[in-house]
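Chemist: Contents are mmCIF, C-alpha atoms; file name start-v1.cif:
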```cif
data_structure
loop_
_atom_site.group_PDB
_atom_site.id
_atom_site.type_symbol
_atom_site.label_atom_id
_atom_site.label_comp_id
_atom_site.auth_asym_id
_atom_site.auth_seq_id
_atom_site.Cartn_x
_atom_site.Cartn_y
_atom_site.Cartn_z
ATOM 1 C CA MET O 1 -22.730 -30.560 53.865
ATOM 2 C CA ARG O 2 -20.736 -27.593 55.146
ATOM 3 C CA SER O 3 -17.482 -29.148 53.987
ATOM 4 C CA ASP O 4 -18.837 -29.566 50.458
ATOM 5 C CA THR O 5 -19.957 -25.944 50.419
ATOM 6 C CA SER O 6 -16.582 -24.704 51.621
ATOM 7 C CA VAL O 7 -14.776 -26.792 48.995
ATOM 8 C CA THR O 8 -17.016 -25.350 46.286
ATOM 9 C CA ARG O 9 -16.332 -21.824 47.503
ATOM 10 C CA ARG O 10 -12.595 -22.426 47.503
ATOM 11 C CA LYS O 11 -12.741 -23.768 43.947
ATOM 12 C CA THR O 12 -14.820 -20.815 42.822
ATOM 13 C CA SER O 13 -12.512 -18.264 44.459
ATOM 14 C CA GLY O 14 -9.455 -20.063 43.091
ATOM 15 C CA GLY O 15 -10.868 -20.082 39.571
ATOM 16 C CA TYR O 16 -11.791 -16.397 39.845
ATOM 17 C CA ALA O 17 -8.290 -15.488 41.007
ATOM 18 C CA LYS O 18 -6.737 -17.496 38.161
ATOM 19 C CA ASN O 19 -8.969 -15.848 35.542
ATOM 20 C CA LYS O 20 -8.193 -12.429 36.985
ATOM 21 C CA MET O 21 -4.455 -13.129 36.775
ATOM 22 C CA VAL O 22 -4.753 -14.280 33.158
ATOM 23 C CA ALA O 23 -6.792 -11.173 32.283
ATOM 24 C CA THR O 24 -4.199 -8.954 33.949
ATOM 25 C CA ILE O 25 -1.347 -10.563 32.008
ATOM 26 C CA ILE O 26 -3.275 -10.214 28.735
ATOM 27 C CA HIS O 27 -3.948 -6.536 29.433
ATOM 28 C CA ILE O 28 -0.282 -5.910 30.206
ATOM 29 C CA VAL O 29 0.807 -7.606 26.976
ATOM 30 C CA LEU O 30 -1.736 -5.637 24.933
ATOM 31 C CA ILE O 31 -0.690 -2.348 26.535
ATOM 32 C CA LEU O 32 2.991 -3.036 25.834
ATOM 33 C CA THR O 33 2.176 -4.019 22.241
ATOM 34 C CA ALA O 34 0.132 -0.852 21.718
ATOM 35 C CA PHE O 35 2.965 1.224 23.178
ATOM 36 C CA MET O 36 5.560 -0.348 20.860
ATOM 37 C CA VAL O 37 3.316 0.315 17.857
ATOM 38 C CA LEU O 38 2.136 3.831 18.733
ATOM 39 C CA TYR O 39 5.312 5.311 20.206
ATOM 40 C CA PRO O 40 7.310 5.343 16.913
ATOM 41 C CA ILE O 41 4.339 7.039 15.231
ATOM 42 C CA ALA O 42 4.103 9.617 18.017
ATOM 43 C CA PHE O 43 7.869 10.170 17.873
ATOM 44 C CA THR O 44 7.692 10.727 14.097
ATOM 45 C CA ILE O 45 4.881 13.251 14.527
ATOM 46 C CA GLY O 46 6.845 15.070 17.216
ATOM 47 C CA ALA O 47 10.022 15.110 15.119
ATOM 48 C CA ALA O 48 8.104 16.524 12.148
ATOM 49 C CA PHE O 49 7.106 19.559 14.209
ATOM 50 C CA THR O 50 10.664 20.202 15.447
ATOM 51 C CA LYS O 51 12.441 23.212 13.963
ATOM 52 C CA SER O 52 15.943 21.740 14.170
ATOM 53 C CA ASN O 53 17.111 19.342 11.476
ATOM 54 C CA SER O 54 18.934 16.957 13.802
ATOM 55 C CA LEU O 55 17.359 14.210 15.851
ATOM 56 C CA ALA O 56 19.506 15.406 18.749
ATOM 57 C CA ALA O 57 16.988 18.212 19.229
ATOM 58 C CA THR O 58 14.238 15.690 19.974
ATOM 59 C CA SER O 59 13.621 14.018 23.310
ATOM 60 C CA ILE O 60 12.076 10.830 24.623
ATOM 61 C CA VAL O 61 8.814 12.719 25.078
ATOM 62 C CA PRO O 62 7.379 12.626 21.550
ATOM 63 C CA TRP O 63 6.004 16.191 21.478
ATOM 64 C CA PRO O 64 8.486 19.105 21.067
ATOM 65 C CA LYS O 65 8.601 21.978 23.549
ATOM 66 C CA GLU O 66 8.250 24.587 20.800
ATOM 67 C CA PRO O 67 6.253 23.124 17.878
ATOM 68 C CA SER O 68 7.078 24.568 14.477
ATOM 69 C CA LEU O 69 5.919 24.119 10.876
ATOM 70 C CA TYR O 70 9.382 24.944 9.541
ATOM 71 C CA GLN O 71 10.085 21.443 8.230
ATOM 72 C CA PHE O 72 6.819 21.361 6.280
ATOM 73 C CA GLN O 73 7.511 24.843 4.947
ATOM 74 C CA ARG O 74 10.951 23.779 3.808
ATOM 75 C CA LEU O 75 9.593 20.623 2.184
ATOM 76 C CA LEU O 76 6.873 22.420 0.249
ATOM 77 C CA THR O 77 9.142 25.217 -0.979
ATOM 78 C CA PRO O 78 10.455 24.525 -4.523
ATOM 79 C CA SER O 79 14.164 23.808 -4.806
ATOM 80 C CA ASP O 80 14.829 26.947 -6.856
ATOM 81 C CA GLN O 81 13.436 29.227 -4.142
ATOM 82 C CA ILE O 82 14.655 30.368 -0.734
ATOM 83 C CA VAL O 83 12.648 29.123 2.249
ATOM 84 C CA PRO O 84 10.652 32.050 3.671
ATOM 85 C CA GLY O 85 12.210 33.391 6.843
ATOM 86 C CA THR O 86 15.730 32.278 5.880
ATOM 87 C CA THR O 87 18.522 33.800 3.840
ATOM 88 C CA ASN O 88 20.377 30.905 2.221
ATOM 89 C CA ILE O 89 18.314 27.732 2.691
ATOM 90 C CA ARG O 90 16.617 26.405 -0.403
ATOM 91 C CA GLY O 91 13.589 24.182 -0.612
ATOM 92 C CA THR O 92 13.283 20.694 -2.050
ATOM 93 C CA ASN O 93 11.649 18.913 -4.972
ATOM 94 C CA TYR O 94 9.199 17.226 -2.604
ATOM 95 C CA LEU O 95 6.114 18.426 -4.508
ATOM 96 C CA VAL O 96 7.624 17.108 -7.754
ATOM 97 C CA TRP O 97 8.346 13.738 -6.132
ATOM 98 C CA TYR O 98 4.839 13.672 -4.698
ATOM 99 C CA ARG O 99 3.272 14.388 -8.082
ATOM 100 C CA ASN O 100 5.431 11.756 -9.781
ATOM 101 C CA THR O 101 4.532 9.104 -7.216
ATOM 102 C CA LEU O 102 0.839 9.932 -7.381
ATOM 103 C CA LYS O 103 0.870 9.743 -11.185
ATOM 104 C CA ILE O 104 2.683 6.400 -11.184
ATOM 105 C CA ALA O 105 0.358 4.942 -8.530
ATOM 106 C CA VAL O 106 -2.799 6.073 -10.346
ATOM 107 C CA MET O 107 -1.575 4.819 -13.721
ATOM 108 C CA ASN O 108 -0.577 1.477 -12.231
ATOM 109 C CA THR O 109 -3.942 1.161 -10.460
ATOM 110 C CA ILE O 110 -5.973 1.830 -13.601
ATOM 111 C CA LEU O 111 -3.895 -0.503 -15.763
ATOM 112 C CA THR O 112 -3.770 -3.299 -13.174
ATOM 113 C CA VAL O 113 -7.495 -3.205 -12.389
ATOM 114 C CA ILE O 114 -8.494 -3.277 -16.063
ATOM 115 C CA VAL O 115 -6.066 -6.015 -17.117
ATOM 116 C CA CYS O 116 -6.423 -8.264 -14.065
ATOM 117 C CA SER O 117 -10.218 -8.000 -13.905
ATOM 118 C CA THR O 118 -10.537 -8.884 -17.570
ATOM 119 C CA ALA O 119 -7.987 -11.701 -17.341
ATOM 120 C CA GLY O 120 -9.642 -13.124 -14.227
ATOM 121 C CA TYR O 121 -13.053 -13.088 -15.897
ATOM 122 C CA ILE O 122 -11.699 -14.794 -19.015
ATOM 123 C CA PHE O 123 -10.007 -17.555 -17.001
ATOM 124 C CA SER O 124 -13.140 -18.025 -14.904
ATOM 125 C CA ARG O 125 -15.778 -18.150 -17.628
ATOM 126 C CA PHE O 126 -14.166 -19.327 -20.872
ATOM 127 C CA LYS O 127 -12.544 -22.570 -21.932
ATOM 128 C CA PHE O 128 -9.724 -22.309 -24.465
ATOM 129 C CA PRO O 129 -6.505 -24.143 -25.375
ATOM 130 C CA LEU O 130 -3.567 -23.813 -22.974
ATOM 131 C CA ARG O 131 -5.836 -22.347 -20.302
ATOM 132 C CA LYS O 132 -4.560 -24.584 -17.505
ATOM 133 C CA PRO O 133 -0.866 -24.299 -18.478
ATOM 134 C CA MET O 134 -1.176 -20.511 -18.511
ATOM 135 C CA MET O 135 -2.764 -20.523 -15.069
ATOM 136 C CA ALA O 136 -0.094 -22.891 -13.776
ATOM 137 C CA SER O 137 2.653 -20.674 -15.198
ATOM 138 C CA MET O 138 1.196 -17.723 -13.271
ATOM 139 C CA VAL O 139 1.527 -19.678 -10.054
ATOM 140 C CA VAL O 140 5.109 -20.680 -10.879
ATOM 141 C CA LEU O 141 6.061 -17.071 -11.611
ATOM 142 C CA GLN O 142 4.952 -16.046 -8.126
ATOM 143 C CA MET O 143 7.460 -18.465 -6.590
ATOM 144 C CA PHE O 144 10.405 -16.271 -7.621
ATOM 145 C CA PRO O 145 11.177 -12.930 -5.963
ATOM 146 C CA SER O 146 10.851 -9.919 -8.215
ATOM 147 C CA PHE O 147 14.454 -8.777 -7.686
ATOM 148 C CA ILE O 148 15.718 -11.927 -9.449
ATOM 149 C CA GLY O 149 14.697 -10.391 -12.775
ATOM 150 C CA MET O 150 16.078 -6.925 -12.070
ATOM 151 C CA ILE O 151 18.900 -7.247 -14.599
ATOM 152 C CA ALA O 152 16.541 -8.555 -17.273
ATOM 153 C CA THR O 153 14.079 -5.781 -16.450
ATOM 154 C CA TYR O 154 16.801 -3.172 -16.777
ATOM 155 C CA VAL O 155 17.945 -4.543 -20.147
ATOM 156 C CA ILE O 156 14.389 -4.699 -21.505
ATOM 157 C CA LEU O 157 13.653 -1.131 -20.436
ATOM 158 C CA TRP O 158 16.950 -0.021 -21.974
ATOM 159 C CA ARG O 159 16.044 -1.675 -25.300
ATOM 160 C CA ILE O 160 12.591 -0.041 -25.433
ATOM 161 C CA ASN O 161 13.858 3.362 -24.203
ATOM 162 C CA GLY O 162 11.964 2.969 -20.937
ATOM 163 C CA LEU O 163 14.765 3.977 -18.568
ATOM 164 C CA ASN O 164 14.257 7.197 -16.632
ATOM 165 C CA THR O 165 10.584 7.283 -17.640
ATOM 166 C CA HIS O 166 7.451 6.918 -15.569
ATOM 167 C CA TRP O 167 5.685 4.721 -18.113
ATOM 168 C CA GLY O 168 8.573 2.261 -17.934
ATOM 169 C CA LEU O 169 8.170 2.034 -14.161
ATOM 170 C CA VAL O 170 4.401 1.594 -14.510
ATOM 171 C CA LEU O 171 5.041 -1.188 -17.012
ATOM 172 C CA VAL O 172 7.258 -2.969 -14.478
ATOM 173 C CA TYR O 173 4.680 -2.694 -11.700
ATOM 174 C CA ALA O 174 1.700 -3.702 -13.827
ATOM 175 C CA THR O 175 3.317 -6.716 -15.473
ATOM 176 C CA GLY O 176 4.706 -7.920 -12.156
ATOM 177 C CA SER O 177 1.290 -7.860 -10.498
ATOM 178 C CA ILE O 178 -0.727 -9.491 -13.282
ATOM 179 C CA PRO O 179 -0.183 -13.184 -12.311
ATOM 180 C CA MET O 180 -1.158 -12.922 -8.643
ATOM 181 C CA ASN O 181 -3.978 -10.417 -9.096
ATOM 182 C CA SER O 182 -5.451 -12.315 -12.039
ATOM 183 C CA TRP O 183 -5.616 -15.406 -9.838
ATOM 184 C CA LEU O 184 -7.350 -13.424 -7.095
ATOM 185 C CA MET O 185 -9.934 -12.044 -9.503
ATOM 186 C CA LYS O 186 -10.453 -15.449 -11.112
ATOM 187 C CA GLY O 187 -11.172 -17.002 -7.726
ATOM 188 C CA TYR O 188 -13.688 -14.293 -6.874
ATOM 189 C CA PHE O 189 -15.387 -14.529 -10.286
ATOM 190 C CA ASP O 190 -15.822 -18.265 -9.663
ATOM 191 C CA THR O 191 -18.053 -17.471 -6.677
ATOM 192 C CA VAL O 192 -20.412 -15.291 -8.746
ATOM 193 C CA SER O 193 -23.427 -17.186 -10.028
ATOM 194 C CA LYS O 194 -23.599 -17.773 -13.767
ATOM 195 C CA ASN O 195 -27.384 -17.547 -13.662
ATOM 196 C CA ILE O 196 -27.328 -13.765 -13.673
ATOM 197 C CA GLU O 197 -25.245 -13.789 -16.863
ATOM 198 C CA GLU O 198 -27.654 -16.185 -18.535
ATOM 199 C CA ALA O 199 -30.588 -14.040 -17.459
ATOM 200 C CA ALA O 200 -28.895 -10.955 -18.909
ATOM 201 C CA ARG O 201 -28.300 -12.700 -22.231
ATOM 202 C CA VAL O 202 -31.933 -13.784 -22.352
ATOM 203 C CA ASP O 203 -32.921 -10.131 -21.879
ATOM 204 C CA GLY O 204 -30.777 -9.202 -24.889
ATOM 205 C CA ALA O 205 -27.640 -7.869 -23.196
ATOM 206 C CA THR O 206 -24.409 -8.158 -25.129
ATOM 207 C CA PRO O 207 -21.388 -9.876 -23.518
ATOM 208 C CA PHE O 208 -19.710 -6.494 -22.981
ATOM 209 C CA VAL O 209 -22.799 -5.022 -21.302
ATOM 210 C CA THR O 210 -23.157 -8.134 -19.155
ATOM 211 C CA TYR O 211 -19.549 -7.886 -18.031
ATOM 212 C CA THR O 212 -19.456 -4.145 -17.340
ATOM 213 C CA ARG O 213 -22.933 -3.573 -15.873
ATOM 214 C CA ILE O 214 -23.725 -6.850 -14.142
ATOM 215 C CA ILE O 215 -20.580 -8.866 -13.384
ATOM 216 C CA LEU O 216 -18.223 -6.060 -12.353
ATOM 217 C CA PRO O 217 -20.686 -4.565 -9.823
ATOM 218 C CA SER O 218 -21.030 -8.044 -8.308
ATOM 219 C CA VAL O 219 -17.291 -8.187 -7.627
ATOM 220 C CA ARG O 220 -16.976 -4.575 -6.473
ATOM 221 C CA PRO O 221 -15.464 -5.515 -3.076
ATOM 222 C CA MET O 222 -12.616 -7.420 -4.712
ATOM 223 C CA ILE O 223 -12.057 -4.635 -7.238
ATOM 224 C CA MET O 224 -11.759 -2.191 -4.347
ATOM 225 C CA PHE O 225 -9.255 -4.487 -2.675
ATOM 226 C CA LEU O 226 -7.294 -4.728 -5.922
ATOM 227 C CA THR O 227 -7.389 -0.941 -6.242
ATOM 228 C CA LEU O 228 -5.972 -0.462 -2.769
ATOM 229 C CA MET O 229 -3.191 -2.976 -3.295
ATOM 230 C CA SER O 230 -2.298 -1.593 -6.732
ATOM 231 C CA PHE O 231 -2.150 1.942 -5.394
ATOM 232 C CA THR O 232 -0.165 1.252 -2.240
ATOM 233 C CA GLY O 233 2.309 -1.100 -3.955
ATOM 234 C CA PRO O 234 4.340 1.501 -5.904
ATOM 235 C CA TRP O 235 3.676 4.343 -3.462
ATOM 236 C CA MET O 236 6.690 3.681 -1.248
ATOM 237 C CA ASP O 237 8.616 1.182 -3.355
ATOM 238 C CA PHE O 238 12.302 1.983 -3.406
ATOM 239 C CA ILE O 239 14.161 -0.706 -5.361
ATOM 240 C CA PHE O 240 12.690 -0.316 -8.843
ATOM 241 C CA PRO O 241 12.479 3.510 -8.846
ATOM 242 C CA ARG O 242 16.118 3.568 -7.749
ATOM 243 C CA LEU O 243 16.966 1.232 -10.634
ATOM 244 C CA VAL O 244 14.911 2.892 -13.368
ATOM 245 C CA LEU O 245 14.813 6.620 -12.563
ATOM 246 C CA ARG O 246 17.871 8.844 -12.758
ATOM 247 C CA SER O 247 17.047 12.558 -13.001
ATOM 248 C CA ASP O 248 15.803 14.427 -9.941
ATOM 249 C CA ASP O 249 12.622 15.629 -11.647
ATOM 250 C CA LYS O 250 11.629 12.005 -12.315
ATOM 251 C CA LYS O 251 12.234 10.587 -8.843
ATOM 252 C CA THR O 252 9.543 9.261 -6.541
ATOM 253 C CA LEU O 253 8.946 9.935 -2.869
ATOM 254 C CA ALA O 254 10.855 6.915 -1.606
ATOM 255 C CA VAL O 255 14.012 7.792 -3.519
ATOM 256 C CA GLY O 256 13.754 11.509 -2.804
ATOM 257 C CA LEU O 257 13.185 11.096 0.920
ATOM 258 C CA PHE O 258 16.029 8.597 1.144
ATOM 259 C CA GLU O 259 18.441 11.102 -0.348
ATOM 260 C CA LEU O 260 17.482 13.627 2.337
ATOM 261 C CA ILE O 261 19.192 11.463 4.947
ATOM 262 C CA ASN O 262 21.659 9.512 2.827
ATOM 263 C CA GLY O 263 25.300 10.353 3.420
ATOM 264 C CA ARG O 264 27.201 11.993 6.240
ATOM 265 C CA ALA O 265 26.369 15.527 5.166
ATOM 266 C CA ASN O 266 22.622 14.940 5.072
ATOM 267 C CA ASP O 267 21.085 15.118 8.515
ATOM 268 C CA ASN O 268 17.556 16.179 7.553
ATOM 269 C CA PHE O 269 15.905 13.586 9.772
ATOM 270 C CA THR O 270 13.155 15.848 11.073
ATOM 271 C CA MET O 271 12.339 16.967 7.533
ATOM 272 C CA PHE O 272 12.264 13.295 6.586
ATOM 273 C CA ALA O 273 9.704 12.750 9.370
ATOM 274 C CA ALA O 274 7.565 15.610 8.031
ATOM 275 C CA GLY O 275 7.678 14.108 4.552
ATOM 276 C CA ALA O 276 6.716 10.705 5.931
ATOM 277 C CA LEU O 277 3.611 12.207 7.543
ATOM 278 C CA LEU O 278 2.497 13.769 4.266
ATOM 279 C CA VAL O 279 3.049 10.440 2.528
ATOM 280 C CA ALA O 280 0.361 8.876 4.718
ATOM 281 C CA ILE O 281 -2.391 11.271 3.570
ATOM 282 C CA PRO O 282 -3.422 9.395 0.378
ATOM 283 C CA PHE O 283 -3.386 6.107 2.304
ATOM 284 C CA ALA O 284 -5.774 7.487 4.894
ATOM 285 C CA ILE O 285 -8.124 8.980 2.309
ATOM 286 C CA LEU O 286 -8.179 5.844 0.179
ATOM 287 C CA PHE O 287 -8.736 3.456 3.068
ATOM 288 C CA LEU O 288 -11.470 5.617 4.592
ATOM 289 C CA ALA O 289 -13.210 5.885 1.224
ATOM 290 C CA GLY O 290 -13.105 2.121 0.650
ATOM 291 C CA GLN O 291 -13.729 1.006 4.214
ATOM 292 C CA ASN O 292 -17.320 -0.148 3.689
ATOM 293 C CA VAL O 293 -16.467 -1.929 0.463
ATOM 294 C CA MET O 294 -13.523 -3.653 2.148
ATOM 295 C CA LEU O 295 -15.800 -4.853 4.954
ATOM 296 C CA GLN O 296 -18.130 -6.332 2.352
ATOM 297 C CA SER O 297 -15.171 -8.121 0.790
ATOM 298 C CA LEU O 298 -14.123 -9.604 4.131
ATOM 299 C CA ALA O 299 -17.708 -10.609 4.899
ATOM 300 C CA GLY O 300 -18.070 -12.291 1.542
ATOM 301 C CA ASP O 301 -21.006 -10.118 0.482
ATOM 302 C CA GLY O 302 -22.244 -10.618 -3.056
ATOM 303 C CA VAL O 303 -24.116 -13.012 -5.298
ATOM 304 C CA LYS O 304 -22.765 -16.510 -4.754
ATOM 305 C CA GLU O 305 -23.395 -19.923 -6.210
#
```
Starting from the file, lay out its structure as structure tokens.
Modeler:
Amino acid sequence: MRSDTSVTRRKTSGGYAKNKMVATIIHIVLILTAFMVLYPIAFTIGAAFTKSNSLAATSIVPWPKEPSLYQFQRLLTPSDQIVPGTTNIRGTNYLVWYRNTLKIAVMNTILTVIVCSTAGYIFSRFKFPLRKPMMASMVVLQMFPSFIGMIATYVILWRINGLNTHWGLVLVYATGSIPMNSWLMKGYFDTVSKNIEEAARVDGATPFVTYTRIILPSVRPMIMFLTLMSFTGPWMDFIFPRLVLRSDDKKTLAVGLFELINGRANDNFTMFAAGALLVAIPFAILFLAGQNVMLQSLAGDGVKE
């Protein structure tokens, strides 16, 4: 009897020690992962508050010894003005780049949400000729990377006078996102019950009223997701703005910030870090504003079949 009890105790203690070792290893891995993710962010924040332009002035410890807002002041000073507190250092076009990027992102979001929501609803609810081939062609188009058509995109924009214009860049973003986003909206519309549409028609609602006041609120989580993706897509895109935009007053944040550190003479790495921090502000505001709606989307909240 005693031997059985001692064996049981040894098994229990051995299992406890094994579980404790596994938990310790998991904690170590998680701590290392968190460090690798958070340290570059902390280093960027510290570099942004460093007065010197060179990264040589920074240290392994992410926070500078003498924090300064000089880099932000230099960024936000227009390029035709002298930075306050200096004699010969001019500002940048950062505010112009910021405004251009914000305008492009908002225009692309509005156009993408309207077109893709309407297209997804049409493919979900209506039967018409060539419906399946059109849907299949959307899937095929997503198999090819977007940069394959860069030459064709450039030629088309050149023919329609869309080079070095913001509307030409918005056109590229919106048309490129229509196939995938229309499929996403179509799949979500399929989960919405058709009974509510029939009930609305019985009550005398027109198709437009049914779509705008009944169907769209039912898919609000997916529309919020589409809004976030459409806004963040062009916000830091570099390839197409570099291809389409030429003049400095038309450039976006990605192109403008890249030119701050591009070349041997440009060593504005700490100012680049300050600009990168300001870039994150719209992301934070947008994600915080749509957090609850995004959780509903992940939870599958809504009226289902």
Chemist: Kindly indicate which residue among O:Ala105, O:Ala200, O:Ile60, O:Val255 lies nearest to O:Met229, using all atoms listed in the file for the distances.
Modeler: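 Between O:Ala105, O:Ala200, O:Ile60, O:Val255, the residue approaching O:Met229 most closely is O:Ala105.
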Chemist: Record the distance separating atom CA of O:Gly46 and atom CA of O:Asp237, expressed in Å with one decimal.
Modeler: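 One can read the atom CA of O:Gly46 to atom CA of O:Asp237 distance as 24.9 Å.
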Chemist: Tell me which protein, DNA and RNA residues are within 7 Å of O:Asp267, counting all atoms listed in the file, leaving out same-chain ones fewer than 2 positions away, and put them as an NGL selection string.
Modeler: :O and (53-54 or 261 or 265 or 269)
Chemist: Would you save the residues of that selection, restricted to C-alpha atoms, as a compact mmCIF listing (two decimals), keeping the file's coordinate frame?
Modeler:
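out11.txt written:
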```txt
# COMPACT_ATOMS: atom_id res chain seq x y z
CA ASN O 53 17.11 19.34 11.48
CA SER O 54 18.93 16.96 13.80
CA ILE O 261 19.19 11.46 4.95
CA ALA O 265 26.37 15.53 5.17
CA PHE O 269 15.90 13.59 9.77
```
Chemist: When you draw a straight line from atom CA of O:Leu75 to atom CA of O:Gly91, how long is it in Å?
Modeler: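 Atom CA of O:Gly91 lies 6.0 Å from atom CA of O:Leu75.
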Chemist: Measure the distance from atom CA of O:Ile214 to atom CA of O:Leu228 in Å and round it to one decimal.
Modeler: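 Distance between the two atoms: 22.0 Å.
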Chemist: Please provide the set of residues having any atom within 12 Å of O:Asn88, restricted to all atoms listed in the file, with same-chain residues fewer than 6 positions apart removed, written as a count of residues only.
Modeler: 5
Chemist: Could you spell out the hits of the PyMOL selection byres ((chain O and resi 177) around 10) on the shown file, as an mmCIF file with C-alpha atoms, in the frame of the given file?
Modeler:
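Result went into out.cif, see below:
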```cif
data_model
loop_
_atom_site.group_PDB
_atom_site.id
_atom_site.type_symbol
_atom_site.label_atom_id
_atom_site.label_comp_id
_atom_site.auth_asym_id
_atom_site.auth_seq_id
_atom_site.Cartn_x
_atom_site.Cartn_y
_atom_site.Cartn_z
ATOM 1 C CA ASN O 108 -0.577 1.477 -12.231
ATOM 2 C CA THR O 112 -3.770 -3.299 -13.174
ATOM 3 C CA CYS O 116 -6.423 -8.264 -14.065
ATOM 4 C CA GLN O 142 4.952 -16.046 -8.126
ATOM 5 C CA VAL O 172 7.258 -2.969 -14.478
ATOM 6 C CA TYR O 173 4.680 -2.694 -11.700
ATOM 7 C CA ALA O 174 1.700 -3.702 -13.827
ATOM 8 C CA THR O 175 3.317 -6.716 -15.473
ATOM 9 C CA GLY O 176 4.706 -7.920 -12.156
ATOM 10 C CA ILE O 178 -0.727 -9.491 -13.282
ATOM 11 C CA PRO O 179 -0.183 -13.184 -12.311
ATOM 12 C CA MET O 180 -1.158 -12.922 -8.643
ATOM 13 C CA ASN O 181 -3.978 -10.417 -9.096
ATOM 14 C CA SER O 182 -5.451 -12.315 -12.039
ATOM 15 C CA MET O 229 -3.191 -2.976 -3.295
ATOM 16 C CA SER O 230 -2.298 -1.593 -6.732
ATOM 17 C CA GLY O 233 2.309 -1.100 -3.955
#
```
Chemist: So which one's closest to O:Val140, O:Pro67, O:Leu32, O:Phe123, O:Trp183? Using all atoms listed in the file, please.
Modeler: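 Using all atoms listed in the file, the shortest distance to O:Val140 belongs to O:Trp183.
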Chemist: Specify the axis-aligned box that encloses all atoms of stretch 206-216 of chain O listed in the file after padding of 3 Å on each side, stating its centre and edge lengths in Å to one decimal as AutoDock Vina command-line options.
Modeler:
```
--center_x -21.3 --center_y -6.7 --center_z -18.7 --size_x 12.2 --size_y 12.3 --size_z 18.8
```
